[in-house]
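Q: A single structure is presented below for examination.
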Amino acid sequence: MGYRMWRRGGSLLPVTGKRGFFDLAYGKSEAQKLDIWLPDTEGPFPVIISIHGGGFVACDKRQKEMLEPMLYGLDKGFAVCALNYRLANEARFPEPVKDIKQAIRFLKANAANYNLLPDKMIVWGGSAGGYMTLMACLFTNDIYYDNEMDPNLRTPADIAGGVAWYPLTDIAACDDELEINSLINQFLTNGTPDSSEEYEPAMPVSLDSQFPFHNCEGWLSMFLGCPADSGSELVKKASPIYAIHEHMPPVLIQHGSGDEILPMQQSVRFAIKANTCCKDKRAQVEILPGAIHSSVRFETEENLERVFSFIHSVLCDGVCTS
């Protein structure tokens with residue numbers, strides 16, 4: 001028995017002297033801004049769209065531990081576009097999801113101005129950013145997530161694929177799955193413990209055997225505007241697993257078996273349902289044994305090469321460099 005753990009938030013990466021375009025406004029809110037990091041080569045470039053996590057209530061597009069994995073793509077010939085979106089203290093669901101769609105449309109509509117390839121874009125994020133990644137893979141033709149005042153409303157919002165790390169997919173089921181895992185893990189050994197000086201107790205501080213966790217007032221209810229266990233149709237609408245359709249692009253989902261914030265079943269069940277719906281392996285799911293939420297194990301050289309191999313398979317046909 002111990003505290004639920006996650007990775008401590010780090011500093012913001014500086015942009016002074018970096019090649020690219022920074023703090024571009026794609027909407028009217030101060031939060032609706034994005035950065036475009038460019039490789040030191042000639043474009044136009046395929047694009048990795050980075051979406052930060054933070055439980056829908058915190059963090060930033062330049063958060064070191066959330067952006068650095070994507071920036072490895074610069075040396076591989078990818079532009080990296082990092083998005084901010086309105087957090088729950090400013091806007092509740094579905095507005096932050098609308099921001100992601102609006103930002104994608106902005107990038108596609110202005111691709112020529114920023115040396116980007118509009119038809120070669122993939123989205124990548126962890127935790128809340130993983131959730132937004134899956135929503136971006138699903139909301140292309142769903143007008144529920146359109147901002148009617150978006151000047152690029154007629155620009156397609158489709159993307160080529162997604163990489164989702166430890167995402168939320170079925171909000172109402174989250175606490176039940178965490179409680180099941182809490183019991184099972186008493187009888188299983190997870191090999192080498194996942195430990196790092198970068199870890200700290202998750203907020204709100206609670207024991208891994210303490211429930212409810214999500215089904216109480218906190219970051220998830222702030223995002224939704226209602227309790228996660230309210231039974232509201234809005235909770236279902238906000239859950240990516242119920243938006244799966246046969247035209248969704250390929251996704252790679254990675255989750256840690258030791259995650260005590262968002263249980264690995266969230267990713268497993270999403271992948272099973274997606275592959276059943278699409279009648280192929282549209283969603284690849286991989287479990288990292290023992291890894292906690294936002295674990296440093298996701299950023300090992302071996303795992304990042306695995307992720308970039310997937311990205312190359314989705315985006316590259318002679319336009320990427322390695």
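In the structure tokens, chains take the letters A, B, ... in the order shown, each chain's residues start at 1, and ligands count up from 1 in the order shown.
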Report as a Markdown table the residues of segment 156-263 of chain A within 8 Å of segment 277-296 of chain A, each with its shortest atom pair and distance in Å (one decimal), using only C-alpha atoms, ordered by chain and increasing residue number.
A:
```
| residue | atom | partner | partner_atom | distance |
| --- | --- | --- | --- | --- |
| A:Tyr166 | CA | A:His293 | CA | 6.9 |
| A:Asn190 | CA | A:Gly290 | CA | 5.2 |
| A:Gly191 | CA | A:Gly290 | CA | 7.2 |
| A:Thr192 | CA | A:Gly290 | CA | 7.6 |
| A:Pro193 | CA | A:Gly290 | CA | 6.8 |
| A:Asp194 | CA | A:Ala291 | CA | 5.8 |
| A:Ser196 | CA | A:Val296 | CA | 7.6 |
| A:Ile244 | CA | A:Cys277 | CA | 7.5 |
| A:His245 | CA | A:Cys277 | CA | 6.6 |
| A:Glu246 | CA | A:Cys278 | CA | 4.5 |
| A:His247 | CA | A:Cys278 | CA | 7.4 |
| A:Met248 | CA | A:Arg282 | CA | 7.8 |
| A:Pro249 | CA | A:Arg282 | CA | 7.0 |
| A:Pro250 | CA | A:Arg282 | CA | 4.8 |
| A:Val251 | CA | A:Ala283 | CA | 4.9 |
| A:Leu252 | CA | A:Gln284 | CA | 4.8 |
| A:Ile253 | CA | A:Val285 | CA | 4.7 |
| A:Gln254 | CA | A:Glu286 | CA | 4.8 |
| A:His255 | CA | A:Ile287 | CA | 5.1 |
| A:Gly256 | CA | A:Ala291 | CA | 4.3 |
| A:Ser257 | CA | A:Gly290 | CA | 5.0 |
| A:Gly258 | CA | A:Gly290 | CA | 4.4 |
| A:Asp259 | CA | A:Ile292 | CA | 4.2 |
| A:Glu260 | CA | A:His293 | CA | 6.8 |
| A:Ile261 | CA | A:His293 | CA | 6.3 |
| A:Leu262 | CA | A:His293 | CA | 7.2 |
```
Q: Would you mind listing what lies within 6 Å of Tyr85 of chain A as a list of chain:residue names, with only C-alpha atoms counted and same-chain residues fewer than 4 positions away left out?
A: A:Ala31, A:Gln32, A:Pro96, A:Asp99
Q: So that I can check the surroundings of segment 58-70 of chain A, please list as a count of residues only every protein, DNA and RNA residue that reaches within 8 Å of it, counting only C-alpha atoms and ignoring chain neighbours fewer than 3 positions away.
A: 26
Q: As a ChimeraX atom specification, please: every residue in segment 90-320 of chain A that a backbone DSSP assignment puts in helix (DSSP H, G or I).
A: /A:95-109,111-114,128-138,143-145,171-184,219-224,233-237,240-242,265-278,296-299,301-315
Q: Please write the residues from the selection above to a file, keeping C-alpha atoms, as a CSV table (one decimal), in the first residue's frame.
A:
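Below is the file that was written, part_24.csv:
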```csv
chain,number,residue,atom,x,y,z
A,95,GLU,CA,-14.9,23.6,-25.3
A,96,PRO,CA,-11.3,22.4,-24.7
A,97,VAL,CA,-11.8,19.6,-27.3
A,98,LYS,CA,-13.2,22.2,-29.7
A,99,ASP,CA,-9.9,24.1,-29.2
A,100,ILE,CA,-7.9,21.1,-30.4
A,101,LYS,CA,-10.0,20.8,-33.6
A,102,GLN,CA,-9.7,24.6,-34.2
A,103,ALA,CA,-5.9,24.4,-33.8
A,104,ILE,CA,-5.6,21.5,-36.2
A,105,ARG,CA,-7.7,23.5,-38.8
A,106,PHE,CA,-5.5,26.5,-38.2
A,107,LEU,CA,-2.4,24.5,-38.9
A,108,LYS,CA,-3.8,22.9,-42.0
A,109,ALA,CA,-5.2,26.1,-43.4
A,111,ALA,CA,0.4,25.0,-43.7
A,112,ALA,CA,2.0,26.8,-46.6
A,113,ASN,CA,2.9,29.8,-44.5
A,114,TYR,CA,4.7,27.7,-42.0
A,128,ALA,CA,-5.1,14.5,-20.7
A,129,GLY,CA,-3.1,15.0,-23.9
A,130,GLY,CA,-3.6,11.3,-24.7
A,131,TYR,CA,-7.3,11.8,-24.2
A,132,MET,CA,-7.2,14.8,-26.6
A,133,THR,CA,-5.2,12.7,-29.1
A,134,LEU,CA,-7.9,10.1,-29.3
A,135,MET,CA,-10.6,12.7,-29.6
A,136,ALA,CA,-8.6,14.3,-32.5
A,137,CYS,CA,-8.6,10.9,-34.1
A,138,LEU,CA,-12.4,10.7,-33.8
A,143,ILE,CA,-20.0,19.0,-35.7
A,144,TYR,CA,-20.5,18.9,-31.9
A,145,TYR,CA,-16.8,19.9,-31.7
A,171,ILE,CA,-14.8,8.1,-17.7
A,172,ALA,CA,-17.5,6.3,-15.9
A,173,ALA,CA,-15.5,3.1,-15.6
A,174,CYS,CA,-12.3,4.6,-14.4
A,175,ASP,CA,-12.8,4.2,-10.6
A,176,ASP,CA,-14.1,0.6,-10.9
A,177,GLU,CA,-11.1,-0.4,-12.9
A,178,LEU,CA,-8.7,1.3,-10.5
A,179,GLU,CA,-10.2,-0.6,-7.6
A,180,ILE,CA,-10.0,-3.9,-9.4
A,181,ASN,CA,-6.3,-3.3,-10.1
A,182,SER,CA,-5.7,-2.3,-6.5
A,183,LEU,CA,-6.9,-5.7,-5.4
A,184,ILE,CA,-5.2,-7.7,-8.1
A,219,TRP,CA,-10.0,17.8,-11.8
A,220,LEU,CA,-12.3,15.5,-13.8
A,221,SER,CA,-15.5,17.0,-12.4
A,222,MET,CA,-14.1,20.4,-13.2
A,223,PHE,CA,-13.5,19.4,-16.8
A,224,LEU,CA,-16.9,17.9,-17.2
A,233,GLU,CA,-25.2,11.6,-21.2
A,234,LEU,CA,-22.4,14.3,-21.2
A,235,VAL,CA,-20.1,11.9,-19.4
A,236,LYS,CA,-20.6,9.3,-22.1
A,237,LYS,CA,-20.2,11.9,-24.9
A,240,PRO,CA,-13.6,8.5,-26.5
A,241,ILE,CA,-14.6,4.9,-26.4
A,242,TYR,CA,-18.1,5.8,-27.4
A,265,GLN,CA,-7.9,-1.2,-19.0
A,266,GLN,CA,-8.9,2.2,-20.4
A,267,SER,CA,-6.4,1.7,-23.3
A,268,VAL,CA,-7.0,-2.1,-23.6
A,269,ARG,CA,-10.8,-1.8,-24.0
A,270,PHE,CA,-10.5,1.1,-26.4
A,271,ALA,CA,-8.2,-0.9,-28.6
A,272,ILE,CA,-10.4,-4.0,-28.6
A,273,LYS,CA,-13.5,-2.0,-29.4
A,274,ALA,CA,-11.7,0.0,-32.2
A,275,ASN,CA,-10.3,-3.1,-33.8
A,276,THR,CA,-13.6,-4.8,-33.7
A,277,CYS,CA,-15.4,-1.8,-35.2
A,278,CYS,CA,-12.7,-1.3,-37.9
A,296,VAL,CA,10.0,7.9,-17.3
A,297,ARG,CA,9.9,4.4,-18.8
A,298,PHE,CA,7.9,5.8,-21.7
A,299,GLU,CA,10.9,8.0,-22.7
A,301,GLU,CA,15.5,5.3,-26.1
A,302,GLU,CA,14.1,1.9,-27.0
A,303,ASN,CA,10.5,3.0,-26.5
A,304,LEU,CA,10.9,6.3,-28.3
A,305,GLU,CA,12.3,4.5,-31.3
A,306,ARG,CA,9.2,2.2,-31.2
A,307,VAL,CA,7.0,5.3,-31.2
A,308,PHE,CA,8.9,7.0,-34.1
A,309,SER,CA,8.8,3.8,-36.0
A,310,PHE,CA,5.0,3.9,-35.8
A,311,ILE,CA,5.0,7.6,-36.8
A,312,HIS,CA,7.2,6.8,-39.8
A,313,SER,CA,4.9,4.0,-40.9
A,314,VAL,CA,1.9,6.4,-40.8
A,315,LEU,CA,3.4,9.6,-42.3
```
